[in-house]
>>> print(open('start.cif').read())   # mmCIF, C-alpha atoms
data_structure
#
loop_
_atom_site.group_PDB
_atom_site.id
_atom_site.type_symbol
_atom_site.label_atom_id
_atom_site.label_comp_id
_atom_site.auth_asym_id
_atom_site.auth_seq_id
_atom_site.Cartn_x
_atom_site.Cartn_y
_atom_site.Cartn_z
ATOM 1 C CA MET P 1 -0.769 0.610 7.944
ATOM 2 C CA HIS P 2 2.469 1.117 9.829
ATOM 3 C CA ILE P 3 1.434 0.824 13.410
ATOM 4 C CA MET P 4 4.443 1.967 15.389
ATOM 5 C CA GLU P 5 6.670 -0.329 17.404
ATOM 6 C CA GLY P 6 5.256 -1.033 20.863
ATOM 7 C CA PHE P 7 1.807 0.382 20.207
ATOM 8 C CA LEU P 8 0.056 -2.968 20.140
ATOM 9 C CA ASP P 9 -0.101 -5.165 23.209
ATOM 10 C CA PRO P 10 1.854 -8.428 22.930
ATOM 11 C CA ILE P 11 -1.360 -10.429 22.758
ATOM 12 C CA TRP P 12 -2.569 -8.496 19.692
ATOM 13 C CA CYS P 13 0.862 -8.705 18.078
ATOM 14 C CA ALA P 14 0.592 -12.469 18.434
ATOM 15 C CA VAL P 15 -2.971 -12.589 17.086
ATOM 16 C CA TRP P 16 -2.108 -10.631 13.919
ATOM 17 C CA PHE P 17 1.064 -12.644 13.376
ATOM 18 C CA VAL P 18 -0.872 -15.891 13.565
ATOM 19 C CA LEU P 19 -3.431 -14.558 11.099
ATOM 20 C CA ALA P 20 -0.807 -13.225 8.694
ATOM 21 C CA ILE P 21 1.747 -16.056 8.629
ATOM 22 C CA PRO P 22 -0.305 -18.613 6.634
ATOM 23 C CA PHE P 23 -0.909 -16.062 3.863
ATOM 24 C CA VAL P 24 2.742 -15.060 3.673
ATOM 25 C CA ALA P 25 4.006 -18.638 3.734
ATOM 26 C CA PHE P 26 1.543 -19.681 1.042
ATOM 27 C CA GLY P 27 2.380 -16.569 -0.948
ATOM 28 C CA ALA P 28 6.127 -17.238 -0.790
ATOM 29 C CA LYS P 29 5.534 -20.759 -2.050
ATOM 30 C CA LYS P 30 3.291 -19.470 -4.813
ATOM 31 C CA VAL P 31 5.771 -16.839 -5.965
ATOM 32 C CA ILE P 32 8.625 -19.353 -6.077
ATOM 33 C CA GLU P 33 6.514 -21.871 -7.998
ATOM 34 C CA LEU P 34 5.365 -19.212 -10.397
ATOM 35 C CA MET P 35 8.921 -18.116 -11.079
ATOM 36 C CA ARG P 36 10.010 -21.694 -11.712
ATOM 37 C CA GLU P 37 7.108 -22.707 -13.929
ATOM 38 C CA HIS P 38 6.568 -19.416 -15.711
ATOM 39 C CA PRO P 39 9.924 -17.656 -15.981
ATOM 40 C CA GLU P 40 8.254 -15.071 -18.201
ATOM 41 C CA HIS P 41 6.492 -13.848 -15.070
ATOM 42 C CA LYS P 42 9.666 -13.048 -13.183
ATOM 43 C CA MET P 43 9.735 -9.515 -14.444
ATOM 44 C CA THR P 44 6.067 -8.845 -13.787
ATOM 45 C CA ILE P 45 6.361 -10.128 -10.219
ATOM 46 C CA ALA P 46 9.370 -7.863 -9.713
ATOM 47 C CA LEU P 47 7.294 -5.057 -11.192
ATOM 48 C CA ALA P 48 4.406 -5.657 -8.792
ATOM 49 C CA GLY P 49 6.862 -5.629 -5.891
ATOM 50 C CA ALA P 50 8.542 -2.526 -7.255
ATOM 51 C CA PHE P 51 5.249 -0.633 -7.223
ATOM 52 C CA ILE P 52 4.754 -1.457 -3.554
ATOM 53 C CA PHE P 53 8.351 -0.416 -2.864
ATOM 54 C CA LEU P 54 8.064 2.866 -4.714
ATOM 55 C CA LEU P 55 4.620 3.956 -3.618
ATOM 56 C CA SER P 56 4.935 3.041 0.041
ATOM 57 C CA SER P 57 8.064 5.160 0.322
ATOM 58 C CA LEU P 58 6.406 8.296 -1.032
ATOM 59 C CA LYS P 59 4.982 10.415 1.736
ATOM 60 C CA ILE P 60 2.500 12.673 0.042
ATOM 61 C CA PRO P 61 0.845 15.557 1.886
ATOM 62 C CA SER P 62 -2.919 15.414 2.084
ATOM 63 C CA VAL P 63 -5.627 18.034 2.465
ATOM 64 C CA THR P 64 -6.098 17.192 6.139
ATOM 65 C CA GLY P 65 -2.681 18.594 7.019
ATOM 66 C CA SER P 66 -0.990 15.270 7.523
ATOM 67 C CA SER P 67 1.017 13.279 5.051
ATOM 68 C CA SER P 68 0.715 9.626 4.331
ATOM 69 C CA HIS P 69 1.710 7.207 1.649
ATOM 70 C CA PRO P 70 -0.109 5.106 -0.924
ATOM 71 C CA THR P 71 0.261 1.337 -0.674
ATOM 72 C CA GLY P 72 0.559 0.214 -4.308
ATOM 73 C CA THR P 73 -0.794 -3.249 -3.564
ATOM 74 C CA GLY P 74 -3.775 -3.182 -5.942
ATOM 75 C CA PHE P 75 -1.767 -4.098 -9.040
ATOM 76 C CA SER P 76 -0.119 -7.115 -7.464
ATOM 77 C CA ALA P 77 -3.401 -8.324 -5.938
ATOM 78 C CA VAL P 78 -5.125 -8.208 -9.313
ATOM 79 C CA LEU P 79 -2.324 -10.039 -11.111
ATOM 80 C CA TYR P 80 -1.121 -12.570 -8.561
ATOM 81 C CA GLY P 81 -3.732 -12.778 -5.828
ATOM 82 C CA ILE P 82 -3.768 -12.004 -2.148
ATOM 83 C CA CYS P 83 -1.151 -14.472 -0.896
ATOM 84 C CA ALA P 84 1.560 -13.377 -3.300
ATOM 85 C CA THR P 85 0.798 -9.750 -2.465
ATOM 86 C CA SER P 86 1.159 -10.405 1.238
ATOM 87 C CA PHE P 87 4.592 -11.912 0.562
ATOM 88 C CA LEU P 88 5.711 -8.871 -1.443
ATOM 89 C CA ALA P 89 4.301 -6.487 1.167
ATOM 90 C CA THR P 90 6.200 -8.366 3.877
ATOM 91 C CA ILE P 91 9.515 -7.653 2.143
ATOM 92 C CA VAL P 92 8.711 -3.939 2.021
ATOM 93 C CA LEU P 93 7.503 -3.829 5.619
ATOM 94 C CA ILE P 94 10.620 -5.584 6.927
ATOM 95 C CA PHE P 95 12.800 -3.137 4.978
ATOM 96 C CA GLN P 96 10.970 -0.204 6.541
ATOM 97 C CA ALA P 97 10.771 -1.655 10.042
ATOM 98 C CA ILE P 98 14.487 -2.406 10.270
ATOM 99 C CA LEU P 99 16.096 0.374 8.266
ATOM 100 C CA LEU P 100 13.657 3.212 8.751
ATOM 101 C CA ALA P 101 12.140 2.472 12.166
ATOM 102 C CA HIS P 102 8.886 3.026 10.294
ATOM 103 C CA GLY P 103 6.343 0.473 11.352
ATOM 104 C CA GLY P 104 7.901 -2.112 13.623
ATOM 105 C CA LEU P 105 8.975 -5.686 14.088
ATOM 106 C CA THR P 106 6.466 -6.465 16.837
ATOM 107 C CA THR P 107 3.647 -4.867 14.848
ATOM 108 C CA LEU P 108 4.803 -6.518 11.622
ATOM 109 C CA GLY P 109 2.009 -9.086 11.745
ATOM 110 C CA ALA P 110 -0.680 -6.431 12.097
ATOM 111 C CA ASN P 111 0.863 -4.313 9.347
ATOM 112 C CA ILE P 112 1.106 -7.282 6.989
ATOM 113 C CA PHE P 113 -2.505 -8.097 7.699
ATOM 114 C CA SER P 114 -3.773 -4.629 6.834
ATOM 115 C CA MET P 115 -1.495 -3.781 3.900
ATOM 116 C CA GLY P 116 -0.760 -7.231 2.513
ATOM 117 C CA ILE P 117 -3.993 -9.130 3.066
ATOM 118 C CA ALA P 118 -7.102 -7.087 3.889
ATOM 119 C CA GLY P 119 -6.469 -4.182 1.507
ATOM 120 C CA PRO P 120 -5.532 -6.365 -1.485
ATOM 121 C CA ALA P 121 -8.515 -8.638 -0.759
ATOM 122 C CA ALA P 122 -10.868 -5.667 -0.962
ATOM 123 C CA GLY P 123 -9.154 -4.426 -4.118
ATOM 124 C CA LEU P 124 -9.378 -7.837 -5.740
ATOM 125 C CA GLY P 125 -13.052 -8.093 -4.828
ATOM 126 C CA VAL P 126 -13.777 -4.757 -6.483
ATOM 127 C CA TRP P 127 -11.732 -5.791 -9.528
ATOM 128 C CA LEU P 128 -13.703 -9.020 -9.974
ATOM 129 C CA LEU P 129 -17.021 -7.216 -9.576
ATOM 130 C CA LEU P 130 -16.062 -4.526 -12.075
ATOM 131 C CA ARG P 131 -14.671 -7.024 -14.562
ATOM 132 C CA LYS P 132 -18.121 -8.593 -14.657
ATOM 133 C CA ALA P 133 -19.876 -5.246 -14.992
ATOM 134 C CA THR P 134 -17.575 -3.621 -17.528
ATOM 135 C CA ASN P 135 -14.927 -4.625 -19.992
ATOM 136 C CA ASN P 136 -12.820 -1.572 -19.229
ATOM 137 C CA ILE P 137 -9.566 -2.745 -17.676
ATOM 138 C CA PRO P 138 -8.088 0.689 -16.799
ATOM 139 C CA VAL P 139 -11.270 1.745 -15.010
ATOM 140 C CA SER P 140 -11.398 -1.530 -13.053
ATOM 141 C CA MET P 141 -7.729 -1.004 -12.181
ATOM 142 C CA PHE P 142 -8.445 2.526 -10.966
ATOM 143 C CA PHE P 143 -11.046 1.321 -8.486
ATOM 144 C CA ALA P 144 -9.098 -1.778 -7.454
ATOM 145 C CA ALA P 145 -6.052 0.334 -6.547
ATOM 146 C CA LEU P 146 -8.194 2.967 -4.855
ATOM 147 C CA VAL P 147 -10.116 0.493 -2.720
ATOM 148 C CA ALA P 148 -7.009 -1.559 -1.836
ATOM 149 C CA ASP P 149 -5.327 1.592 -0.557
ATOM 150 C CA LEU P 150 -8.313 2.932 1.354
ATOM 151 C CA PHE P 151 -9.348 -0.342 2.925
ATOM 152 C CA THR P 152 -5.821 -0.888 4.246
ATOM 153 C CA TYR P 153 -6.259 2.157 6.441
ATOM 154 C CA VAL P 154 -9.784 1.242 7.499
ATOM 155 C CA VAL P 155 -8.387 -2.053 8.761
ATOM 156 C CA THR P 156 -5.506 -0.282 10.500
ATOM 157 C CA ALA P 157 -7.977 1.970 12.305
ATOM 158 C CA PHE P 158 -9.903 -1.143 13.305
ATOM 159 C CA GLN P 159 -6.751 -2.859 14.596
ATOM 160 C CA MET P 160 -5.845 0.183 16.674
ATOM 161 C CA THR P 161 -9.377 0.390 18.062
ATOM 162 C CA LEU P 162 -9.331 -3.243 19.154
ATOM 163 C CA ASN P 163 -6.231 -2.476 21.190
ATOM 164 C CA HIS P 164 -6.975 1.059 22.332
ATOM 165 C CA GLY P 165 -10.306 2.361 23.525
ATOM 166 C CA GLN P 166 -12.490 -0.360 22.003
ATOM 167 C CA SER P 167 -15.305 2.100 21.382
ATOM 168 C CA VAL P 168 -17.015 3.649 18.401
ATOM 169 C CA THR P 169 -15.580 7.067 19.236
ATOM 170 C CA ALA P 170 -12.067 5.644 19.308
ATOM 171 C CA PHE P 171 -12.673 4.040 15.916
ATOM 172 C CA VAL P 172 -13.939 7.353 14.540
ATOM 173 C CA ASP P 173 -10.853 9.102 15.948
ATOM 174 C CA PHE P 174 -8.515 6.661 14.258
ATOM 175 C CA MET P 175 -10.499 6.821 11.034
ATOM 176 C CA THR P 176 -10.267 10.610 11.037
ATOM 177 C CA ASN P 177 -6.545 10.339 11.504
ATOM 178 C CA TYR P 178 -5.925 7.691 8.843
ATOM 179 C CA ALA P 179 -8.701 7.283 6.349
ATOM 180 C CA ILE P 180 -9.575 10.902 5.648
ATOM 181 C CA THR P 181 -5.952 11.676 4.896
ATOM 182 C CA GLN P 182 -5.937 8.627 2.699
ATOM 183 C CA ILE P 183 -8.919 9.429 0.471
ATOM 184 C CA PRO P 184 -7.152 11.997 -1.768
ATOM 185 C CA LEU P 185 -4.035 9.842 -1.854
ATOM 186 C CA SER P 186 -5.888 6.745 -2.947
ATOM 187 C CA ILE P 187 -7.399 8.765 -5.805
ATOM 188 C CA VAL P 188 -3.883 9.729 -6.892
ATOM 189 C CA GLU P 189 -2.868 6.077 -6.687
ATOM 190 C CA GLY P 190 -5.927 5.135 -8.717
ATOM 191 C CA ILE P 191 -4.980 7.581 -11.489
ATOM 192 C CA LEU P 192 -1.441 6.209 -11.553
ATOM 193 C CA PHE P 193 -2.608 2.626 -11.986
ATOM 194 C CA PHE P 194 -5.249 3.695 -14.505
ATOM 195 C CA MET P 195 -2.405 5.024 -16.661
ATOM 196 C CA PHE P 196 -0.273 1.970 -16.076
ATOM 197 C CA ALA P 197 -3.109 -0.356 -17.048
ATOM 198 C CA MET P 198 -3.448 1.618 -20.287
ATOM 199 C CA PHE P 199 0.273 1.284 -20.926
ATOM 200 C CA LEU P 200 0.061 -2.481 -20.412
ATOM 201 C CA LEU P 201 -2.981 -2.802 -22.660
ATOM 202 C CA ASN P 202 -1.148 -1.001 -25.430
ATOM 203 C CA ASN P 203 2.145 -2.807 -25.033
ATOM 204 C CA LYS P 204 1.738 -6.112 -23.246
ATOM 205 C CA PRO P 205 -1.964 -7.004 -23.141
ATOM 206 C CA GLU P 206 -1.180 -10.705 -22.628
ATOM 207 C CA ILE P 207 -0.353 -9.904 -18.997
ATOM 208 C CA PHE P 208 -4.038 -9.507 -18.268
ATOM 209 C CA ASP P 209 -4.966 -12.887 -19.786
ATOM 210 C CA ILE P 210 -2.863 -14.606 -17.184
ATOM 211 C CA ALA P 211 -4.014 -12.199 -14.500
ATOM 212 C CA ALA P 212 -7.660 -13.062 -14.962
ATOM 213 C CA GLY P 213 -6.950 -16.784 -14.463
ATOM 214 C CA LEU P 214 -4.745 -16.246 -11.444
ATOM 215 C CA GLY P 215 -7.082 -13.621 -10.084
ATOM 216 C CA LYS P 216 -9.937 -16.091 -10.030
ATOM 217 C CA LYS P 217 -7.915 -18.538 -7.974
ATOM 218 C CA GLY P 218 -7.076 -15.792 -5.506
ATOM 219 C CA SER P 219 -10.718 -14.773 -5.208
ATOM 220 C CA LYS P 220 -11.464 -17.952 -3.289
ATOM 221 C CA GLY P 221 -9.392 -16.526 -0.486
ATOM 222 C CA ALA P 222 -11.257 -13.238 -0.787
ATOM 223 C CA SER P 223 -14.683 -14.735 -0.302
ATOM 224 C CA ALA P 224 -13.642 -17.036 2.533
ATOM 225 C CA MET M 1 -8.457 8.088 -27.463
ATOM 226 C CA ASN M 2 -4.765 8.761 -27.832
ATOM 227 C CA SER M 3 -3.015 7.129 -24.916
ATOM 228 C CA LYS M 4 -0.274 9.724 -24.897
ATOM 229 C CA MET M 5 -2.854 12.376 -24.105
ATOM 230 C CA VAL M 6 -4.155 10.252 -21.241
ATOM 231 C CA TYR M 7 -0.667 9.954 -19.714
ATOM 232 C CA ILE M 8 -0.121 13.690 -19.988
ATOM 233 C CA ALA M 9 -3.530 14.420 -18.495
ATOM 234 C CA GLY M 10 -3.018 11.867 -15.720
ATOM 235 C CA PHE M 11 0.337 13.221 -14.622
ATOM 236 C CA ALA M 12 -0.965 16.771 -14.913
ATOM 237 C CA ILE M 13 -3.896 15.957 -12.613
ATOM 238 C CA ILE M 14 -1.559 14.353 -10.062
ATOM 239 C CA ALA M 15 0.826 17.334 -10.203
ATOM 240 C CA ILE M 16 -2.047 19.784 -9.794
ATOM 241 C CA LEU M 17 -3.516 17.820 -6.884
ATOM 242 C CA VAL M 18 -0.186 17.722 -5.039
ATOM 243 C CA LEU M 19 0.571 21.382 -5.725
ATOM 244 C CA ALA M 20 -2.945 22.469 -4.743
ATOM 245 C CA THR M 21 -2.668 20.498 -1.518
ATOM 246 C CA LEU M 22 0.677 22.074 -0.681
ATOM 247 C CA ALA M 23 -0.642 25.558 -1.466
ATOM 248 C CA TYR M 24 -3.754 24.945 0.641
ATOM 249 C CA GLY M 25 -1.560 23.597 3.447
ATOM 250 C CA ALA M 26 0.702 26.634 3.279
ATOM 251 C CA SER M 27 -2.293 28.981 3.505
ATOM 252 C CA GLN M 28 -3.621 27.071 6.539
ATOM 253 C CA GLY M 29 -0.215 26.759 8.165
ATOM 254 C CA PHE M 30 -0.239 22.955 8.166
ATOM 255 C CA GLU M 31 2.847 21.099 9.288
ATOM 256 C CA PHE M 32 2.090 17.952 7.247
ATOM 257 C CA GLY M 33 3.125 15.535 9.970
ATOM 258 C CA GLY M 34 2.807 11.849 9.099
ATOM 259 C CA ALA M 35 -0.588 10.240 9.615
ATOM 260 C CA ASP M 36 1.163 7.123 10.903
ATOM 261 C CA ASP M 37 2.779 9.186 13.649
ATOM 262 C CA GLY M 38 -0.458 11.092 14.179
ATOM 263 C CA ALA M 39 -1.945 7.861 15.471
ATOM 264 C CA GLU M 40 0.328 8.261 18.473
ATOM 265 C CA GLY M 41 -1.678 11.340 19.481
ATOM 266 C CA VAL M 42 -4.982 9.527 19.017
ATOM 267 C CA VAL M 43 -3.780 6.701 21.244
ATOM 268 C CA GLU M 44 -3.014 9.210 23.984
ATOM 269 C CA GLU M 45 -6.528 10.585 23.619
ATOM 270 C CA VAL M 46 -8.564 7.370 23.639
ATOM 271 C CA ASP M 47 -6.254 5.315 25.846
ATOM 272 C CA PRO M 48 -4.591 7.777 28.235
ATOM 273 C CA GLY M 49 -1.500 6.604 30.014
ATOM 274 C CA TYR M 50 -0.580 3.969 27.440
ATOM 275 C CA GLU M 51 3.155 3.449 27.193
ATOM 276 C CA PRO M 52 4.698 1.708 24.197
ATOM 277 C CA TRP M 53 6.136 -1.458 25.664
ATOM 278 C CA TRP M 54 9.045 -1.839 23.285
ATOM 279 C CA ASN M 55 10.994 0.742 21.378
ATOM 280 C CA GLY M 56 12.402 -1.484 18.683
ATOM 281 C CA ILE M 57 15.863 -2.837 18.132
ATOM 282 C CA PHE M 58 17.435 0.615 18.080
ATOM 283 C CA GLY M 59 15.758 1.680 21.316
ATOM 284 C CA ASP M 60 15.248 5.409 21.630
ATOM 285 C CA TYR M 61 17.815 6.180 18.983
ATOM 286 C CA GLU M 62 16.230 7.993 16.084
ATOM 287 C CA LEU M 63 17.878 8.303 12.731
ATOM 288 C CA PRO M 64 18.801 11.853 11.817
ATOM 289 C CA GLY M 65 16.280 13.315 9.371
ATOM 290 C CA GLU M 66 18.797 13.422 6.534
ATOM 291 C CA THR M 67 19.647 9.742 6.836
ATOM 292 C CA GLU M 68 16.014 8.804 7.096
ATOM 293 C CA SER M 69 15.124 10.631 3.904
ATOM 294 C CA LEU M 70 18.129 8.976 2.258
ATOM 295 C CA LEU M 71 16.737 5.548 3.091
ATOM 296 C CA PHE M 72 13.263 6.520 1.906
ATOM 297 C CA ALA M 73 14.776 7.808 -1.315
ATOM 298 C CA LEU M 74 16.740 4.586 -1.673
ATOM 299 C CA GLN M 75 13.552 2.577 -1.314
ATOM 300 C CA ALA M 76 11.811 4.722 -3.917
ATOM 301 C CA ALA M 77 14.800 4.444 -6.246
ATOM 302 C CA ILE M 78 14.853 0.644 -6.092
ATOM 303 C CA GLY M 79 11.187 0.572 -7.028
ATOM 304 C CA ALA M 80 11.535 3.191 -9.748
ATOM 305 C CA ILE M 81 14.504 1.450 -11.395
ATOM 306 C CA ILE M 82 12.580 -1.795 -11.734
ATOM 307 C CA ILE M 83 9.463 -0.051 -13.061
ATOM 308 C CA GLY M 84 11.532 1.956 -15.533
ATOM 309 C CA PHE M 85 13.334 -1.164 -16.700
ATOM 310 C CA PHE M 86 10.015 -2.899 -17.253
ATOM 311 C CA ILE M 87 8.515 0.017 -19.174
ATOM 312 C CA GLY M 88 11.612 0.179 -21.361
ATOM 313 C CA ARG M 89 11.510 -3.538 -22.098
ATOM 314 C CA ALA M 90 7.752 -3.719 -22.624
ATOM 315 C CA THR M 91 7.275 -0.709 -24.875
ATOM 316 C CA ARG M 92 6.674 -1.866 -28.426
ATOM 317 C CA LYS M 93 8.722 -0.197 -31.050
ATOM 318 C CA ALA M 94 6.498 1.909 -33.209
#
>>> encode(input="start.cif", output="structure tokens")
Amino acid sequence: MHIMEGFLDPIWCAVWFVLAIPFVAFGAKKVIELMREHPEHKMTIALAGAFIFLLSSLKIPSVTGSSSHPTGTGFSAVLYGICATSFLATIVLIFQAILLAHGGLTTLGANIFSMGIAGPAAGLGVWLLLRKATNNIPVSMFFAALVADLFTYVVTAFQMTLNHGQSVTAFVDFMTNYAITQIPLSIVEGILFFMFAMFLLNNKPEIFDIAAGLGKKGSKGASA
Amino acid sequence: MNSKMVYIAGFAIIAILVLATLAYGASQGFEFGGADDGAEGVVEEVDPGYEPWWNGIFGDYELPGETESLLFALQAAIGAIIIGFFIGRATRKA
């Protein structure tokens, strides 16, 4: 994600904001409710946010000669659903847009949509499919994190194409810039979350009981 | 399978991947510019003459590289502290 300030026309900024706001508002409400009703979840929500914070600040070089960063949204999408993830991603994106001039305030809506909504939705979809196919939580986590990361950049390329060029070649150009760099990085992110899922299974397996229930609620948003 | 071995293997794979990438980049003379900024070049290619219409609240002012990496490190540190705290709290005593 992270379309730079001023690189989307005002009309597209508005479109992505309108699409993103309902998710973020609903997510904020959901997170607050969850914290009130299940105080034991406070720390896990903070943890999910912390992963997005940490991973999206790490610029890792990739084999294509450019560096990019993982998104870290897969974990939060699996545990708390798409809306809550979009809320957490918004906090990170505002931090980066204001303090780091990375991303931007006008493109915030588009960036939230790719990193906070579309990517997590894809990751959650993969998670639900794999949970049906296999009982292996770490492996499902690996693919959920990988797909959430990768799909974020596919959507970003799509958003840029809608605004610039509007042709297949333009889309391919943006994909070459973003997605190819992102493939090795999303594998690294997948490995990281594979290990973390193992750690949770060994130490706090009850987290996943709650996740499955909440994840199912969130999947309604994914299929719609 | 011993989970400790998996953690060691996992971190080793990540370290090797990053090191191999850096070594490959060094041999090819890559600059490792950001992919997010690289999009700027693609825009020029597919949509020539496009001018960003707003430069953000700081205008053309760009943070010095040192300060920018400080803020990135700060962001990473906030995340890492919370994750570390969680791992410490959640680990069951053997």
>>> resolve_selection(input="start.cif", expression="the PyMOL selection byres ((chain M and resi 34) around 8)", output="PyMOL selection string")
(chain P and resi 59+66-68) or (chain M and resi 32-33+35-38)
>>> residues_near_point(input="start.cif", point="(-1.1, 11.9, 2.2)", cutoff="10 Å", atoms="only C-alpha atoms", output="PyMOL selection string")
(chain P and resi 58-70+178-186+188) or (chain M and resi 18+21+32-35)
>>> write_last_selection(input="start.cif", atoms="C-alpha atoms", output="PDB file, keeping the file's coordinate frame")
ATOM      1  CA  LEU P  58       6.406   8.296  -1.032  1.00  0.00           C
ATOM      2  CA  LYS P  59       4.982  10.415   1.736  1.00  0.00           C
ATOM      3  CA  ILE P  60       2.500  12.673   0.042  1.00  0.00           C
ATOM      4  CA  PRO P  61       0.845  15.557   1.886  1.00  0.00           C
ATOM      5  CA  SER P  62      -2.919  15.414   2.084  1.00  0.00           C
ATOM      6  CA  VAL P  63      -5.627  18.034   2.465  1.00  0.00           C
ATOM      7  CA  THR P  64      -6.098  17.192   6.139  1.00  0.00           C
ATOM      8  CA  GLY P  65      -2.681  18.594   7.019  1.00  0.00           C
ATOM      9  CA  SER P  66      -0.990  15.270   7.523  1.00  0.00           C
ATOM     10  CA  SER P  67       1.017  13.279   5.051  1.00  0.00           C
ATOM     11  CA  SER P  68       0.715   9.626   4.331  1.00  0.00           C
ATOM     12  CA  HIS P  69       1.710   7.207   1.649  1.00  0.00           C
ATOM     13  CA  PRO P  70      -0.109   5.106  -0.924  1.00  0.00           C
ATOM     14  CA  TYR P 178      -5.925   7.691   8.843  1.00  0.00           C
ATOM     15  CA  ALA P 179      -8.701   7.283   6.349  1.00  0.00           C
ATOM     16  CA  ILE P 180      -9.575  10.902   5.648  1.00  0.00           C
ATOM     17  CA  THR P 181      -5.952  11.676   4.896  1.00  0.00           C
ATOM     18  CA  GLN P 182      -5.937   8.627   2.699  1.00  0.00           C
ATOM     19  CA  ILE P 183      -8.919   9.429   0.471  1.00  0.00           C
ATOM     20  CA  PRO P 184      -7.152  11.997  -1.768  1.00  0.00           C
ATOM     21  CA  LEU P 185      -4.035   9.842  -1.854  1.00  0.00           C
ATOM     22  CA  SER P 186      -5.888   6.745  -2.947  1.00  0.00           C
ATOM     23  CA  VAL P 188      -3.883   9.729  -6.892  1.00  0.00           C
TER      24      VAL P 188
ATOM     25  CA  VAL M  18      -0.186  17.722  -5.039  1.00  0.00           C
ATOM     26  CA  THR M  21      -2.668  20.498  -1.518  1.00  0.00           C
ATOM     27  CA  PHE M  32       2.090  17.952   7.247  1.00  0.00           C
ATOM     28  CA  GLY M  33       3.125  15.535   9.970  1.00  0.00           C
ATOM     29  CA  GLY M  34       2.807  11.849   9.099  1.00  0.00           C
ATOM     30  CA  ALA M  35      -0.588  10.240   9.615  1.00  0.00           C
TER      31      ALA M  35
END
>>> residues_around(input="start.cif", residues="Ile3 in chain P", least_positions_apart="6", cutoff="9 Å", atoms="all atoms listed in the file", output="PyMOL selection string")
(chain P and resi 102-104+107-108+110-111+156+160) or (chain M and resi 36-37+39)
>>> closest_residue(input="start.cif", among="P:Phe75, P:Phe87, P:Phe171, P:Phe113", to="Leu19 in chain P", atoms="all atoms listed in the file")
P:Phe113
>>> resolve_selection(input="start.cif", expression="the PyMOL selection byres ((chain P and resi 15) around 12)", output="list in words")
Leu8, Asp9, Pro10, Ile11, Trp12, Cys13, Ala14, Trp16, Phe17, Val18, Leu19, Ala20, Ile21, Thr106, Thr107, Leu108, Gly109, Ala110, Asn111, Phe113, Gln159, Leu162 and Asn163 of chain P
>>> residues_around(input="start.cif", residues="range 32-40 of chain P", least_positions_apart="5", cutoff="10 Å", atoms="only C-alpha atoms", output="PyMOL selection string")
chain P and resi 27+45+80+84
>>> residues_around(input="start.cif", residues="range 143-147 of chain P", least_positions_apart="6", cutoff="8 Å", atoms="only C-alpha atoms", output="ChimeraX atom specification")
/P:72-75,78,119,122-127,186-187,189-190,193
>>> atom_distance(input="start.cif", atom1="CA of Phe72 in chain M", atom2="CA of Ser86 in chain P")
20.8 Å
>>> resolve_selection(input="start.cif", expression="the PyMOL selection byres ((chain M and resi 73) around 12)", output="PyMOL selection string")
(chain P and resi 53-59+96+100) or (chain M and resi 66-72+74-81)
>>> closest_residue(input="start.cif", among="M:Phe30, M:Tyr50, M:Gly88, M:Ile13", to="chain P", atoms="all atoms listed in the file")
M:Phe30
>>> residues_around(input="start.cif", residues="Asp47 in chain M", least_positions_apart="2", cutoff="10 Å", atoms="only C-alpha atoms", output="JSON, numbers by chain")
{"P": [161, 163, 164, 165, 166, 170], "M": [41, 42, 43, 44, 45, 49, 50, 51]}
>>> atom_distance(input="start.cif", atom1="CA of Pro48 in chain M", atom2="CA of Gly6 in chain P")
15.1 Å
